[in-house]
Structure formats: C-alpha cells, structure tokens
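Asker: Before I ask anything, let me first share the structure, which is written out below as structure tokens.
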There are 2 protein chains.
Amino acid sequence: MLNSIIMNLEDLSKHLKLSQTTVSRALNDFPEVSEKTRSRVKSAAQKFGYRPSHHAARLAKGKAMAIGHVVPLAEHAMINPHFADFIAGAGDVYAQHHYDMHISVVNSDEEESLYRDLARSGKVDGVVVHAPQINDYRIPLLKELQLPFIVHGRCDDSTPDYAFLDINNKRAFSRATEYLIDLGHQRIALLNGLETMSFAVRRKLGFIAAMEKHNLCCDPALMVQQEMIEPTGYAFTKQILALPEPPTAMMIASMLSAMGAMRAIQEVGKKVGEDISIIVYDDQLSFLQNSGEIPLFTSLRSSIREAGKTVATQLIQHIQQPDNVLPQIIWDAEFVIGNSTQRLQH
Amino acid sequence: MLNSIIMNLEDLSKHLKLSQTTVSRALNDFPEVSEKTRSRVKSAAQKFGYRPSHHAARLAKGKAMAIGHVVPLAEHAMINPHFADFIAGAGDVYAQHHYDMHISVVNSDEEESLYRDLARSGKVDGVVVHAPQINDYRIPLLKELQLPFIVHGRCDDSTPDYAFLDINNKRAFSRATEYLIDLGHQRIALLNGLETMSFAVRRKLGFIAAMEKHNLCCDPALMVQQEMIEPTGYAFTKQILALPEPPTAMMIASMLSAMGAMRAIQEVGKKVGEDISIIVYDDQLSFLQNSGEIPLFTSLRSSIREAGKTVATQLIQHIQQPDNVLPQIIWDAEFVIGNSTQRLQH
DNA sequence: TTATATTTTCAAAGCGCTTTGATTTTTTGC
DNA sequence: GCAAAAAATCAAAGCGCTTTGAAAATATAA
C-alpha cells in the first residue's frame, strides 16, 4: 500500500482514466458498473489506501450515517455504570451497519440546545434517549425536531406515543416479591434506585402490589430509594439490620447495591441465603457477573448489552425505511434462582 | 422559534439581505463584521433555529473537529468498566472545545482497517489509544498514518517515542508493598490484572522489587494475573486463604477484585484489616467509591476520569497547534491509608 | 447489415458551508 | 472638501463526494 500519498476521488479516477462517476459507483457497488471495471477500481483503491472523504460523502448524500447518544453529566456526578455495556451492544450493531456512534457529554442545562443542534446540523440521523425521567421533556422536544429516536426505558404512562425498549419492571418485581412471600418471608425490604427514574417507580409499584396482594405491610423503614452503588447498599442494609425487627428478605435493584448489602450482612455475622434472603435485579453487566452453575444471587436478569443491540437495530431500520415504524418493546426479565434465597426458618 | 422551517445559510442570508460570507463570519465571530450586523445575524439565526450543516462546515474547513476512540470488543468479551469514566472525562473536555466524540466498537481483526479509515477518511483529527499492549502494533500504524494520537497507559519501554499519559505503576506498587512490609507482613499476595496489559507488568515489577529489596520471597502460589472482576478476586482469595500458610496481606490491582477478595475473607470468618491487610489500586470510578473520612481500603488512587480530561486536552491542543508537541506524562498515584491495613499481629 | 435495446461510461450540477481577493462604504487626516 | 486609510461587505471559487441526465459502447433482433 502506498500510504504516503493521500488520494481523493479525482486523483484516483484520473489515474484509472475513468470518470469520478464510474469510480464512485464501482466502489459503492452500484449495478451499472461492469465487473471488470469494478475490480480494477477496487484494487486500485486498495493499493493507494483510498478512503472517501467522510464529510464530503455525507454532505452529498444528505445523510449523517450516525446515531447520537447524549450523556447528561455534571462535573462530579456519577456516570451510570450500565452505560458502557449498553454502548458496547449498540456500537456493535452500528459497526455492522456502517453507522457511526456519536456521543455527547453535556451539562444538564445545555442538553436541550444540544438536541436541537444534533437535529438541525444533521450530525446524526437519530438518537437514543437514555435514562428517561418521569414526564421527560425530551420526548416532545425530539418530536418537534422530527429527529427519529428511541428511548431505552420508559417515561410515565401519561406520556403519549413514542418508541421504547423497556423491561416489565413492575411484573418482574411483583413476581420476585411473591416468590419471597411464598418462601414465608413477611418483612421484606426494598432497596430501590432513585425514583426520578421511571424504572424505579415501576419496580416499587410491583413490590407494593405483591405485598398488598398478600396483605403484608410495606414498612417505610424498610424501603429506600437511592443511587445504586455499593456504599449506599451497604449503609442502608447496616441500618435495617440494626432495627429491633430486621427484615428477613430484601429486594435489591442492582448488583452493585447487592454487593454492599452482602458486605453489611457478612459484617454482622449473618449469611446471605440462610439468615436473610436476597433477590437482585441483574443487568448482566459484563464486569459484574452473577452466573455459574448456581449463581450467587437469585435474580431478575436482563442483558443491558442486548438491549443496546436491539435499540440500535430498530433505530437503524427505521432510519433506512421510515415506514418501518419504531416499536414499543417490553421484555420480561428472566427469573433465575440462585443461592441467596431460602425458605424462612422459624 | 420557528422550527418547522429548516434554513440553510443561503436562506438565512437572503432573508437578512446579506451575503453568505458576512453571515458566516458574523456567526463565527470574525472581527471584520460590525457589531450591529453581528447581533442582527445572530438573533435571526436564533429565531429561525438555524444551525450550520455539520458536514458542509467540516468539508469546507478540512477539519473533522472530532476525536476517535476505538473499543476492540469481541462478541462476549467484557467491556472494561473503566471505559465509561474515562469517556466521561474526555467527553467533558470535547464538549467545552466543541469537538465531537466518535466511538467505534470493533472486532479485533478489523481494528487495523478501522484506524486506516479513521485517518484517511478524515472522520477524526486524532485518536486516543486505549489499553496499550506489550509491543502494540498501533503505535507504528498511527505514525505511518500520520494521525495524531495519545496513549492512555504505556507500551513496553522498547517502543520508541510516542505520547502517553500513564501512572507510575511500578513505583506505586513498590511503595505500597514496602508499606505492608514495614507493617511486618512477609507473606504478601499479588492479585494482578492480565499481563498482556502493560500496566499489570509494571505493577508486578514494582511488587517484586519491593519484596526482593527486603529479601522476601515472592511465592508463585500467591500471585495471579486475571481479569479484574469480583468473581475472580473472590475465587483466588478463597484459594490462597485455604493454603497451609495463607498470606497476611494482599496487593490488589482493582476495586472490583478487592470486593471479591473481601467477600472471600468475610466468608471464612476473617476480618479485612485485622486478620488480613489489603491495599488496592483504586481508579476512583464514580460508581465504586472508596472515600469517606477513613476509606474502607488503603489504596493507591488516581482518577481515571481526570486522566480522560487530560488526555483529551492534550490531544486537542496538539491538533490546534501542531508545534505544541504531544507530551509523555507520568502521574504518581496517591497513597491513601484506610481501614484495610494493620500491623501484623504475632 | 441496420435499427433497436441494453450496458457501460461520462460531464456537469449539486450538497451547504468557508475562504480568498475584490469592492464598496465609512472614517480619518490635513 | 478631498485623498488616503480603515472597516464592512460581497461575489465567486472550492472542499470532495453523489447523483442526474446524456452520450458512447456493446449486444441483440430483424
């Protein structure tokens, strides 16, 4: 390869004694180019390391061939640990379809302006909306901007029609809570995520529904909504274990919180499973595995990486064929019994 | 704002009865436009929600105003949990400088081709090289392609001149190991990362140097190189605690591994700190905090998010002023004493 | 062999900006 | 009040592709 010379289409077509039209079409696999010419063109392109100018191609085509992801993030705020796995899944699909992935980190106050820019400047052909809030302003905004989008998660039910991929969080939590109740547990704690996030609201609803169905009381002292990380899981668990009447089981919204809970439990000399049952929601993050023959935790599981793949696939399909209307997808979390749940001992 | 009409520069300048030149210059803050005109232009742009076409601007300028990050990733491989934090830091800087962040997820076998494309197509003005390997082929490749780059981490010392930001891993680990030795520990385990990563090699060198300096033996049974996640940390710790002569202290290469180690230690009824001392390398991931008045772990700490910021800043500076030669930066990890280390009891 | 259909190739016109070099308008100096 | 200098604006060329509509080359039918 002769990489020292940077060629453009004009240079290459002159070298081949062909028009730019023909060369362009040969490279883009148009049918109206003879096989002989196509292979001649392609091997010359290969030889000279020719790659079409990205921006020229995009300008001419009028399509960005790119999908945007917006990450709102204040200076010291936490970046969601689920993000990397989602991106890995989505990015994989983009690569297969020759789409680019465009990520913007932005202060919350500049977020709206960013979306407007993304839409109007033609930087991207669509966006993925992350971490939907209750009554999220981005849904109407993106509709107004006519920028195709799909939400990972769901807003509240009052929000009108829009495309999303979500887990049936309510059903997942009610089902798992019932499982604990069936094992004889009555004092069950809920270690939830922040309730500005709609998934946390739904999980709580599921939990409460199951408890009420069995006429059990949801003790507010046993419920918390907080950032889902190890230290918060630890602190809350420590606190409820010190109550006069501690819980015998816990529903936990994330693996990280569960690790903290486990640390607290072990620290007071109790055993997960034997002394206190735990069910955890497991996003199957690649660096937080809860697998094996019998997994450590009984869990509700759903791969966030697969979610990334599906969201990306849907969005691309819609962009390429707009009559392919973007769907509303609801997945059920898988319920997997592991070592952290046991019948209540009397 | 009148967002239903999508205007381009021509429309806007016709509306204003000005030339495209003047409008473009007004918007881009060129000095040769009068203040009066500039404000008239800007408010019209605002009013119509005009945003310059991204690709047209890039094509005309001949600059991508974008930085690339390549994430090699096989189907089921783990995505590095550090990645998100690094991206958060870098992305923040990009946003401030109006640069775009371009992320490519790629199968390892297509990686080289991707770099070539990134360079030749003008998609990006520079790239950040992640997870440098021993004798990494990307260094010569990017030099050949004349694409500005900076490595997060370092290759082996034989690789010739290139820009990087790295931690002094060797010094960090030798220092921390000596701290343990000073506390009376002699049987010290090393729970390291995979030694295909150059940082792991350096950490091991530091560990061995400290041990040898004090004439202590590095028992191979107490050393392991593995992926730095909770389950591996757990398994290895379980294993070494069952030895006839278990270690009294451990050097651990990541917080996630340390969580696993802690679980194993607690499970056998021992206490971190009292029964076994631990020093962990803490990348200060936002979702894995080891802070507080007295942190849980004695640790070597260095913020990966700050690293992202610095790398991004340097790269942008170099791209904007190529005589601003890209540097080689070595940071010392901070040594913070927490609750996980104690003098060896006899 | 000639007329017609088919395949292959081409010249030129965009895509929507930025930038160059020229022109017009305004300001300043005497 | 007029020439020279400074400030503001403009027309047009160019960035490197894709795409349209026309032309040339080749294949097929009569």
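Numbering starts fresh at 1 for the residues of each chain in the structure tokens, the chains themselves are lettered A, B, ... in the order given, and ligands are numbered from 1 as they appear.
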Return the neighbours of chain A among the residues of chain B, cut-off 6 Å, counting only C-alpha atoms, as a list of chain:residue names.
Answerer: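 Close to chain A, chain B has B:Arg51, B:Pro52, B:Ser53, B:His54, B:His55, B:Ala56, B:Leu59, B:Met78, B:Ala84, B:Gly91, B:Asp92, B:Met101, B:His102, B:Ile103, B:Val105, B:Arg120, B:Ser121, B:Lys123, B:Ile229, B:Ser286, B:Phe287.
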Asker: What are the nearest atom pairs, with distances in Å to one decimal, for all residues of chain B that come at most 8 Å from chain D, using only C-alpha atoms (C1' of nucleotides), set out by chain and rising residue number as CSV?
Answerer:
```
residue,atom,partner,partner_atom,distance
B:Ser19,CA,D:DC10,C1',6.1
B:Thr21,CA,D:DC10,C1',7.3
B:Thr22,CA,D:DT9,C1',6.7
B:Glu32,CA,D:DA8,C1',6.6
B:Val33,CA,D:DA8,C1',6.3
B:Ser34,CA,D:DA8,C1',6.8
B:Leu59,CA,D:DC15,C1',5.3
B:Ala60,CA,D:DC15,C1',4.7
B:Lys61,CA,D:DC15,C1',7.5
B:Gly62,CA,D:DC15,C1',7.1
```
Asker: When you get a sec, could you note down which chain C residues fall within 7 Å of chain A, using only C-alpha atoms (C1' of nucleotides), as a PDB file with C-alpha atoms (C1' of nucleotides), in the first residue's frame?
Answerer:
```pdb
ATOM      1  C1'  DT C   8     -21.357   0.998 -19.543  1.00  0.00           C
ATOM      2  C1'  DT C   9     -19.301   5.348 -19.016  1.00  0.00           C
ATOM      3  C1'  DC C  10     -19.299  10.333 -18.681  1.00  0.00           C
ATOM      4  C1'  DC C  15     -24.771  19.263  -1.309  1.00  0.00           C
TER       5       DC C  15
END
```
Asker: Taking the DSSP secondary structure from the backbone, can you list the residues of range 99-233 of chain A that are alpha helix (DSSP H), as number ranges by chain?
Answerer: A: 111-120, 138-145, 169-182, 198-213, 230-233
